[in-house]
Structures are given as structure tokens and as C-alpha cells.
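A short write-up of the structure that comes next.
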Amino acid sequence: MVVTDMDGTLLNSKHEVSEKFFNQFKKLKENNILFVAASGRQYHSIIDKLHSIKDDILVIAENGAIAKNKNKELLQTGLDNTTITELLNLIDTIDDVYPVLCGKKKAYIASDSEEFKEKFKEYYAEYEVLDSLRNYEDDILKIAIYHFESSENYIYPKVKHLESKLKVKVSGENWLDLSHNDAHKGHALKKLQDMFNISSSETMAFGDFNNDLEMLALADFSFAMANAHPNVTKAANYRTKSNDEFGVETILDKLLES
């Protein structure tokens, strides 16, 4: 099984998947190697990026809150309504942030900032703008929060006290995710490994940010990108080139040659 994060890992800085990878995927499939796309992105957004192979891959979306095989749901771990209300009340007290309710059907925002919407649309293919985030009608998988400068510096200090009861993840330079304690890539990956009877010694995983840590811990062949957060570089067993230097593809070439 090969598992890879999307942004900062399989995707280059222009948010593109290389043609080289799609050619490698054909060989992975021929060799009966399962491929898992594991991202903080929305399911619909991941499928948009990998549309030509969508029926042949497994998808872990929303940082592990949901996993699918084609249209079959394998896992869902969402937030309850009381928790969502409490979190929205807290987020209202934090300056210069843009929250997103990540629902099973679509994502929901209540911002009229065109600058934020342009950033947001890269990660959420299906979305709706509400008058208030309290007016959602959906199963909410997580709450993502955006800051234009740094999620680690400006959001995390305001929410780190929640770590005893929720999963608090700095998932990118500008994003932080709040979700159920079991809603992380590691929990979802373990379910898939058990489902397909695949061990950690048969698993290769690639990541670049803190939301990849639990996933990397389940793979003997865990790779940190050259552009990875220091925590990921420390946790991974191996290193590879950056996402703009075909870091994932370089290792897959070696795998397919072996």
C-alpha cells in the first residue's frame, strides 16, 4: 500500500499532480499495490485532482474524518452539534481568521472576503456561503480555520487547550483543523490496513505537515518531503526530495524497479 498526502507532497506548488505519477499509478495497479490519497482536503477536491483514477484508489479525506472506496463510505467520524456550537463561539473571539465547516455533502463558509474565497476554492470543490455558520444542515466532519499569515502562530495558541478532548492539527502554513479525537489520518489508515490485511512493513507513506504524523507512524517506509515541517522530518524514517522536485515520484520509481 502506498499512501500519500496531497498538498506539499504529491501536489506541486501549483497544486498539480504530475503526469509522471499517473503513469506510475498504472504500474502500481499492475503490481497489486493499493494507492491511498490522504488529505485534509475535501473528498470532492481530492477526486478533482485524481479524477482519471478515482475508481481505482482509496481516499482518506478531511484529515481522516471520512474514508471512501469509490462511492462506498468506509469510515466517518464527525463532530456533534454541541461541540460545533462551542467551537464556533470560541473562533468568534479570534482575530483575522476564516472558519470553514467541513460537511459530508459540502463545505460551508460565512465570509464575504473575495481574497479568502479564492484561497478556499482551491481546497473545497463543493461549497455554500451561509448568512451564519450556525445555519448548516449537514453532518460536520471537522472545522478548518484559515489565517493569511500563519496558523501555527496566530490560531494554535488560541485553541491548543482543546487538545485534551479534540484533535487539534496545524495542517498547513495557513490552516488549522479541529476534529473528533479519532478523526486523523492514522486512525483512518489503520482501518484500511486492517480491512485489506496490509501490515506496516507493507506500507509506504509520504507527508509534509503535522496532520501526517499519525499516518507516517503506521508505515515502516515513511518519507518526509524536503519541504516538510521539522516535526515530520524528525518522525519519518526516510527523506525524499521536495514536492516541486518529484519527491514522491522519485521513491516510487525505486519501488517499481525493485
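Labels used: A, B, ... for chains in the order of the C-alpha cells, numbers from 1 for residues in each chain, and numbers from 1 for ligands as shown.
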Could the residues of range 35-135 of chain A that have an atom at most 9 Å from range 178-187 of chain A be listed as a tab-separated table, each with its closest atom pair and the distance in Å to one decimal, counting only C-alpha atoms and ordered by chain and ascending residue number?
residue	atom	partner	partner_atom	distance
A:Ala38	CA	A:Lys185	CA	6.8
A:Ser39	CA	A:Lys185	CA	7.8
A:Gly40	CA	A:Lys185	CA	8.7
A:Ile60	CA	A:Lys185	CA	7.0
A:Ala61	CA	A:Lys185	CA	8.3
A:Glu62	CA	A:His184	CA	8.3
A:Asn63	CA	A:His184	CA	5.1
A:Gly64	CA	A:Lys185	CA	4.3
A:Ala65	CA	A:Ala183	CA	4.4
A:Ile66	CA	A:Ala183	CA	7.9
A:Gln76	CA	A:Ala183	CA	8.2
A:Thr77	CA	A:Ala183	CA	5.7
A:Gly78	CA	A:His180	CA	6.2
A:Leu79	CA	A:His180	CA	5.9
A:Asp80	CA	A:His180	CA	8.9
A:Leu87	CA	A:Leu178	CA	8.5
May I have the residues from that selection written out with all heavy atoms, as a JSON list (two decimals), in the first residue's frame?
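This went into part-v3.json:
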[["chain", "number", "residue", "atom", "x", "y", "z"],
["A", 38, "ALA", "N", -4.44, 10.63, 0.96],
["A", 38, "ALA", "CA", -4.83, 11.01, 2.32],
["A", 38, "ALA", "C", -4.58, 12.50, 2.53],
["A", 38, "ALA", "O", -3.42, 12.94, 2.52],
["A", 38, "ALA", "CB", -4.05, 10.20, 3.34],
["A", 39, "SER", "N", -5.65, 13.26, 2.72],
["A", 39, "SER", "CA", -5.50, 14.71, 2.72],
["A", 39, "SER", "C", -6.44, 15.39, 3.71],
["A", 39, "SER", "O", -7.46, 14.82, 4.10],
["A", 39, "SER", "CB", -5.80, 15.24, 1.31],
["A", 39, "SER", "OG", -5.74, 16.65, 1.25],
["A", 40, "GLY", "N", -6.09, 16.59, 4.07],
["A", 40, "GLY", "CA", -7.00, 17.43, 4.82],
["A", 40, "GLY", "C", -8.07, 18.03, 3.92],
["A", 40, "GLY", "O", -9.04, 18.61, 4.39],
["A", 60, "ILE", "N", -8.73, 9.00, 1.80],
["A", 60, "ILE", "CA", -8.91, 9.48, 3.17],
["A", 60, "ILE", "C", -9.00, 10.99, 3.08],
["A", 60, "ILE", "O", -8.03, 11.65, 2.67],
["A", 60, "ILE", "CB", -7.73, 9.07, 4.07],
["A", 60, "ILE", "CG1", -7.67, 7.55, 4.25],
["A", 60, "ILE", "CG2", -7.83, 9.76, 5.44],
["A", 60, "ILE", "CD1", -6.42, 7.05, 4.98],
["A", 61, "ALA", "N", -10.15, 11.56, 3.41],
["A", 61, "ALA", "CA", -10.37, 13.00, 3.27],
["A", 61, "ALA", "C", -10.60, 13.65, 4.63],
["A", 61, "ALA", "O", -10.79, 12.97, 5.64],
["A", 61, "ALA", "CB", -11.57, 13.25, 2.36],
["A", 62, "GLU", "N", -10.57, 14.98, 4.63],
["A", 62, "GLU", "CA", -10.83, 15.77, 5.84],
["A", 62, "GLU", "C", -9.97, 15.29, 7.01],
["A", 62, "GLU", "O", -10.44, 15.15, 8.14],
["A", 62, "GLU", "CB", -12.31, 15.72, 6.21],
["A", 62, "GLU", "CG", -13.28, 16.14, 5.11],
["A", 62, "GLU", "CD", -13.30, 17.62, 4.81],
["A", 62, "GLU", "OE1", -12.41, 18.35, 5.31],
["A", 62, "GLU", "OE2", -14.20, 18.07, 4.08],
["A", 63, "ASN", "N", -8.68, 15.01, 6.70],
["A", 63, "ASN", "CA", -7.73, 14.58, 7.75],
["A", 63, "ASN", "C", -8.12, 13.28, 8.44],
["A", 63, "ASN", "O", -7.77, 13.06, 9.60],
["A", 63, "ASN", "CB", -7.55, 15.66, 8.81],
["A", 63, "ASN", "CG", -6.44, 16.63, 8.45],
["A", 63, "ASN", "OD1", -5.63, 16.35, 7.58],
["A", 63, "ASN", "ND2", -6.41, 17.76, 9.10],
["A", 64, "GLY", "N", -8.85, 12.44, 7.75],
["A", 64, "GLY", "CA", -9.21, 11.15, 8.33],
["A", 64, "GLY", "C", -10.61, 11.06, 8.88],
["A", 64, "GLY", "O", -11.01, 10.01, 9.40],
["A", 65, "ALA", "N", -11.38, 12.13, 8.77],
["A", 65, "ALA", "CA", -12.76, 12.10, 9.27],
["A", 65, "ALA", "C", -13.66, 11.25, 8.38],
["A", 65, "ALA", "O", -14.71, 10.78, 8.82],
["A", 65, "ALA", "CB", -13.33, 13.52, 9.38],
["A", 66, "ILE", "N", -13.25, 11.03, 7.14],
["A", 66, "ILE", "CA", -14.03, 10.19, 6.24],
["A", 66, "ILE", "C", -13.09, 9.45, 5.30],
["A", 66, "ILE", "O", -12.05, 9.97, 4.91],
["A", 66, "ILE", "CB", -15.07, 11.03, 5.44],
["A", 66, "ILE", "CG1", -16.08, 10.12, 4.73],
["A", 66, "ILE", "CG2", -14.40, 12.00, 4.48],
["A", 66, "ILE", "CD1", -17.32, 10.83, 4.25],
["A", 76, "GLN", "N", -16.58, 7.18, 8.90],
["A", 76, "GLN", "CA", -16.98, 8.57, 9.14],
["A", 76, "GLN", "C", -16.88, 8.87, 10.62],
["A", 76, "GLN", "O", -17.42, 8.13, 11.44],
["A", 76, "GLN", "CB", -18.41, 8.85, 8.65],
["A", 76, "GLN", "CG", -18.82, 10.32, 8.90],
["A", 76, "GLN", "CD", -20.25, 10.62, 8.47],
["A", 76, "GLN", "OE1", -20.69, 10.13, 7.44],
["A", 76, "GLN", "NE2", -20.96, 11.41, 9.25],
["A", 77, "THR", "N", -16.17, 9.93, 10.97],
["A", 77, "THR", "CA", -16.01, 10.33, 12.36],
["A", 77, "THR", "C", -16.19, 11.84, 12.45],
["A", 77, "THR", "O", -15.26, 12.60, 12.16],
["A", 77, "THR", "CB", -14.60, 9.95, 12.89],
["A", 77, "THR", "OG1", -14.33, 8.59, 12.56],
["A", 77, "THR", "CG2", -14.52, 10.13, 14.39],
["A", 78, "GLY", "N", -17.39, 12.28, 12.80],
["A", 78, "GLY", "CA", -17.70, 13.70, 12.78],
["A", 78, "GLY", "C", -17.79, 14.33, 14.15],
["A", 78, "GLY", "O", -17.48, 13.72, 15.18],
["A", 79, "LEU", "N", -18.22, 15.58, 14.16],
["A", 79, "LEU", "CA", -18.39, 16.37, 15.39],
["A", 79, "LEU", "C", -19.87, 16.47, 15.73],
["A", 79, "LEU", "O", -20.72, 16.59, 14.85],
["A", 79, "LEU", "CB", -17.82, 17.78, 15.20],
["A", 79, "LEU", "CG", -16.30, 17.91, 15.03],
["A", 79, "LEU", "CD1", -15.94, 19.31, 14.55],
["A", 79, "LEU", "CD2", -15.59, 17.60, 16.34],
["A", 80, "ASP", "N", -20.19, 16.47, 17.03],
["A", 80, "ASP", "CA", -21.59, 16.64, 17.44],
["A", 80, "ASP", "C", -21.96, 18.12, 17.45],
["A", 80, "ASP", "O", -21.09, 19.00, 17.51],
["A", 80, "ASP", "CB", -21.85, 16.00, 18.80],
["A", 80, "ASP", "CG", -21.06, 16.65, 19.91],
["A", 80, "ASP", "OD1", -21.45, 17.74, 20.38],
["A", 80, "ASP", "OD2", -20.01, 16.10, 20.31],
["A", 87, "LEU", "N", -17.25, 25.45, 19.58],
["A", 87, "LEU", "CA", -16.08, 25.82, 18.78],
["A", 87, "LEU", "C", -16.31, 27.11, 17.99],
["A", 87, "LEU", "O", -15.42, 27.97, 17.92],
["A", 87, "LEU", "CB", -15.70, 24.68, 17.84],
["A", 87, "LEU", "CG", -15.17, 23.42, 18.50],
["A", 87, "LEU", "CD1", -14.91, 22.33, 17.46],
["A", 87, "LEU", "CD2", -13.90, 23.70, 19.30]]
Please extract the residues of range 13-75 of chain A with a backbone DSSP assignment of helix (DSSP H, G or I) and present them as an NGL selection string.
:A and (19-30 or 43-49 or 51-56 or 62-64)
Neighbours of range 41-54 of chain A within 9 Å (only C-alpha atoms; same-chain residues fewer than 5 positions away dropped), as a count of residues only?
28
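The space separating CA of Asn174 in chain A from CA of Ser151 in chain A comes to 4.7 Å.
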At a cut-off of 9 Å, using only C-alpha atoms, what residues contact Gly207 in chain A? Leave out same-chain residues fewer than 3 positions from it and give the result as a ChimeraX atom specification.
/A:3-10,210-213,215-216,222-225,228,232,236
Export, as a PDB file, in the first residue's frame, the selected residues with N, CA, C and O atoms.
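Final output, saved to selection_0.pdb:
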ATOM      1  N   VAL A   3       0.617   5.314   0.460  1.00  0.00           N
ATOM      2  CA  VAL A   3      -0.268   6.356   0.993  1.00  0.00           C
ATOM      3  C   VAL A   3       0.446   7.691   0.875  1.00  0.00           C
ATOM      4  O   VAL A   3       1.596   7.822   1.317  1.00  0.00           O
ATOM      5  N   THR A   4      -0.216   8.681   0.298  1.00  0.00           N
ATOM      6  CA  THR A   4       0.430   9.984   0.210  1.00  0.00           C
ATOM      7  C   THR A   4      -0.523  11.123   0.524  1.00  0.00           C
ATOM      8  O   THR A   4      -1.693  11.103   0.149  1.00  0.00           O
ATOM      9  N   ASP A   5       0.012  12.089   1.247  1.00  0.00           N
ATOM     10  CA  ASP A   5      -0.654  13.368   1.445  1.00  0.00           C
ATOM     11  C   ASP A   5      -0.740  14.062   0.081  1.00  0.00           C
ATOM     12  O   ASP A   5      -0.051  13.672  -0.873  1.00  0.00           O
ATOM     13  N   MET A   6      -1.554  15.102  -0.006  1.00  0.00           N
ATOM     14  CA  MET A   6      -1.700  15.819  -1.279  1.00  0.00           C
ATOM     15  C   MET A   6      -0.879  17.113  -1.293  1.00  0.00           C
ATOM     16  O   MET A   6       0.182  17.183  -1.884  1.00  0.00           O
ATOM     17  N   ASP A   7      -1.350  18.150  -0.596  1.00  0.00           N
ATOM     18  CA  ASP A   7      -0.683  19.455  -0.642  1.00  0.00           C
ATOM     19  C   ASP A   7       0.700  19.403   0.004  1.00  0.00           C
ATOM     20  O   ASP A   7       0.866  18.894   1.115  1.00  0.00           O
ATOM     21  N   GLY A   8       1.684  19.899  -0.710  1.00  0.00           N
ATOM     22  CA  GLY A   8       3.051  19.889  -0.203  1.00  0.00           C
ATOM     23  C   GLY A   8       3.735  18.552  -0.360  1.00  0.00           C
ATOM     24  O   GLY A   8       4.900  18.395   0.004  1.00  0.00           O
ATOM     25  N   THR A   9       3.028  17.580  -0.928  1.00  0.00           N
ATOM     26  CA  THR A   9       3.573  16.223  -1.043  1.00  0.00           C
ATOM     27  C   THR A   9       3.409  15.713  -2.478  1.00  0.00           C
ATOM     28  O   THR A   9       4.337  15.790  -3.272  1.00  0.00           O
ATOM     29  N   LEU A  10       2.240  15.186  -2.825  1.00  0.00           N
ATOM     30  CA  LEU A  10       2.020  14.727  -4.199  1.00  0.00           C
ATOM     31  C   LEU A  10       1.793  15.908  -5.149  1.00  0.00           C
ATOM     32  O   LEU A  10       2.218  15.875  -6.302  1.00  0.00           O
ATOM     33  N   ASN A 210       2.106  18.419  10.067  1.00  0.00           N
ATOM     34  CA  ASN A 210       1.784  17.750  11.334  1.00  0.00           C
ATOM     35  C   ASN A 210       0.574  16.830  11.253  1.00  0.00           C
ATOM     36  O   ASN A 210       0.467  15.888  12.045  1.00  0.00           O
ATOM     37  N   ASN A 211      -0.338  17.090  10.335  1.00  0.00           N
ATOM     38  CA  ASN A 211      -1.505  16.216  10.207  1.00  0.00           C
ATOM     39  C   ASN A 211      -1.161  14.877   9.551  1.00  0.00           C
ATOM     40  O   ASN A 211      -2.019  14.007   9.419  1.00  0.00           O
ATOM     41  N   ASP A 212       0.112  14.700   9.179  1.00  0.00           N
ATOM     42  CA  ASP A 212       0.563  13.431   8.602  1.00  0.00           C
ATOM     43  C   ASP A 212       1.270  12.530   9.616  1.00  0.00           C
ATOM     44  O   ASP A 212       1.607  11.381   9.299  1.00  0.00           O
ATOM     45  N   LEU A 213       1.500  13.020  10.815  1.00  0.00           N
ATOM     46  CA  LEU A 213       2.342  12.295  11.773  1.00  0.00           C
ATOM     47  C   LEU A 213       1.798  10.915  12.138  1.00  0.00           C
ATOM     48  O   LEU A 213       2.536   9.924  12.138  1.00  0.00           O
ATOM     49  N   MET A 215      -0.231   9.038  10.498  1.00  0.00           N
ATOM     50  CA  MET A 215      -0.206   8.197   9.305  1.00  0.00           C
ATOM     51  C   MET A 215       1.206   7.655   9.061  1.00  0.00           C
ATOM     52  O   MET A 215       1.390   6.461   8.797  1.00  0.00           O
ATOM     53  N   LEU A 216       2.205   8.502   9.170  1.00  0.00           N
ATOM     54  CA  LEU A 216       3.589   8.090   8.937  1.00  0.00           C
ATOM     55  C   LEU A 216       4.032   7.031   9.954  1.00  0.00           C
ATOM     56  O   LEU A 216       4.833   6.150   9.637  1.00  0.00           O
ATOM     57  N   SER A 222       8.284   5.267   5.816  1.00  0.00           N
ATOM     58  CA  SER A 222       7.697   6.607   5.952  1.00  0.00           C
ATOM     59  C   SER A 222       8.688   7.647   5.464  1.00  0.00           C
ATOM     60  O   SER A 222       9.861   7.643   5.855  1.00  0.00           O
ATOM     61  N   PHE A 223       8.221   8.537   4.595  1.00  0.00           N
ATOM     62  CA  PHE A 223       9.081   9.533   3.962  1.00  0.00           C
ATOM     63  C   PHE A 223       8.614  10.952   4.267  1.00  0.00           C
ATOM     64  O   PHE A 223       7.430  11.283   4.096  1.00  0.00           O
ATOM     65  N   ALA A 224       9.554  11.786   4.706  1.00  0.00           N
ATOM     66  CA  ALA A 224       9.303  13.217   4.871  1.00  0.00           C
ATOM     67  C   ALA A 224       9.797  13.932   3.624  1.00  0.00           C
ATOM     68  O   ALA A 224      10.905  13.657   3.119  1.00  0.00           O
ATOM     69  N   MET A 225       9.007  14.848   3.120  1.00  0.00           N
ATOM     70  CA  MET A 225       9.424  15.653   1.980  1.00  0.00           C
ATOM     71  C   MET A 225      10.537  16.618   2.415  1.00  0.00           C
ATOM     72  O   MET A 225      10.622  16.993   3.587  1.00  0.00           O
ATOM     73  N   ALA A 228       9.250  19.501   4.300  1.00  0.00           N
ATOM     74  CA  ALA A 228       8.387  19.124   5.430  1.00  0.00           C
ATOM     75  C   ALA A 228       8.626  19.989   6.661  1.00  0.00           C
ATOM     76  O   ALA A 228       9.705  20.569   6.853  1.00  0.00           O
ATOM     77  N   VAL A 232       7.798  16.543  11.155  1.00  0.00           N
ATOM     78  CA  VAL A 232       7.636  15.431  10.217  1.00  0.00           C
ATOM     79  C   VAL A 232       8.994  14.854   9.834  1.00  0.00           C
ATOM     80  O   VAL A 232       9.178  13.629   9.773  1.00  0.00           O
ATOM     81  N   ALA A 236       9.705  10.824  10.490  1.00  0.00           N
ATOM     82  CA  ALA A 236       9.766   9.887   9.364  1.00  0.00           C
ATOM     83  C   ALA A 236      11.061   9.078   9.388  1.00  0.00           C
ATOM     84  O   ALA A 236      12.095   9.538   9.867  1.00  0.00           O
TER      85      ALA A 236
END
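With only C-alpha atoms as the atoms that count, the residue of A:Asn12, A:Thr83, A:Ser201, A:Thr233 with the shortest distance to Lys165 in chain A is A:Thr83.
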Name the residues in contact with Thr82 in chain A at a cut-off of 12 Å, using only C-alpha atoms, excluding same-chain residues fewer than 5 positions from it; report them as a ChimeraX atom specification.
/A:87-89,134,140
Output of the above residues as a PDB file, in the first residue's frame, restricted to N, CA and C atoms:
ATOM      1  N   LEU A  87     -17.252  25.452  19.575  1.00  0.00           N
ATOM      2  CA  LEU A  87     -16.079  25.822  18.783  1.00  0.00           C
ATOM      3  C   LEU A  87     -16.306  27.108  17.995  1.00  0.00           C
ATOM      4  N   LEU A  88     -17.493  27.256  17.435  1.00  0.00           N
ATOM      5  CA  LEU A  88     -17.794  28.486  16.693  1.00  0.00           C
ATOM      6  C   LEU A  88     -17.766  29.700  17.620  1.00  0.00           C
ATOM      7  N   ASN A  89     -18.258  29.528  18.844  1.00  0.00           N
ATOM      8  CA  ASN A  89     -18.223  30.621  19.823  1.00  0.00           C
ATOM      9  C   ASN A  89     -16.778  31.013  20.147  1.00  0.00           C
ATOM     10  N   ARG A 134     -24.052  28.978  11.845  1.00  0.00           N
ATOM     11  CA  ARG A 134     -24.980  28.238  12.712  1.00  0.00           C
ATOM     12  C   ARG A 134     -26.158  27.674  11.925  1.00  0.00           C
ATOM     13  N   ILE A 140     -21.209  17.380  10.055  1.00  0.00           N
ATOM     14  CA  ILE A 140     -19.961  18.138  10.017  1.00  0.00           C
ATOM     15  C   ILE A 140     -18.804  17.232  10.441  1.00  0.00           C
TER      16      ILE A 140
END
Just asking: which residues within range 11-49 of chain A are strand (DSSP E or B) according to DSSP, as an mmCIF file with N, CA, C and O atoms, in the first residue's frame?
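Below you can see part.cif, which holds the result:
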data_model
loop_
_atom_site.group_PDB
_atom_site.id
_atom_site.type_symbol
_atom_site.label_atom_id
_atom_site.label_comp_id
_atom_site.auth_asym_id
_atom_site.auth_seq_id
_atom_site.Cartn_x
_atom_site.Cartn_y
_atom_site.Cartn_z
ATOM 1 N N PHE A 35 -3.335 2.189 -3.732
ATOM 2 C CA PHE A 35 -2.936 3.587 -3.576
ATOM 3 C C PHE A 35 -3.999 4.332 -2.771
ATOM 4 O O PHE A 35 -5.192 4.237 -3.056
ATOM 5 N N VAL A 36 -3.528 5.078 -1.769
ATOM 6 C CA VAL A 36 -4.417 5.849 -0.906
ATOM 7 C C VAL A 36 -4.022 7.321 -0.958
ATOM 8 O O VAL A 36 -2.866 7.667 -0.669
ATOM 9 N N ALA A 37 -4.953 8.181 -1.320
ATOM 10 C CA ALA A 37 -4.753 9.630 -1.229
ATOM 11 C C ALA A 37 -5.301 10.069 0.117
ATOM 12 O O ALA A 37 -6.487 9.875 0.402
ATOM 13 N N ALA A 38 -4.438 10.635 0.959
ATOM 14 C CA ALA A 38 -4.835 11.014 2.322
ATOM 15 C C ALA A 38 -4.578 12.496 2.527
ATOM 16 O O ALA A 38 -3.422 12.938 2.524
#
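Candidate residues A:Val2, A:Asp208, A:Asp131, A:Phe148 were compared for distance to Gln193 in chain A, and the nearest is A:Val2, using only C-alpha atoms.
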Nearest candidate to Leu75 in chain A (options A:Leu166, A:Leu192, A:Ile33, A:Leu133; using only C-alpha atoms)
A:Leu192
Smallest atom-to-atom distance to Gly172 in chain A: which of A:Ala144, A:Val159, A:Leu101, A:Ile109, using only C-alpha atoms?
A:Ala144
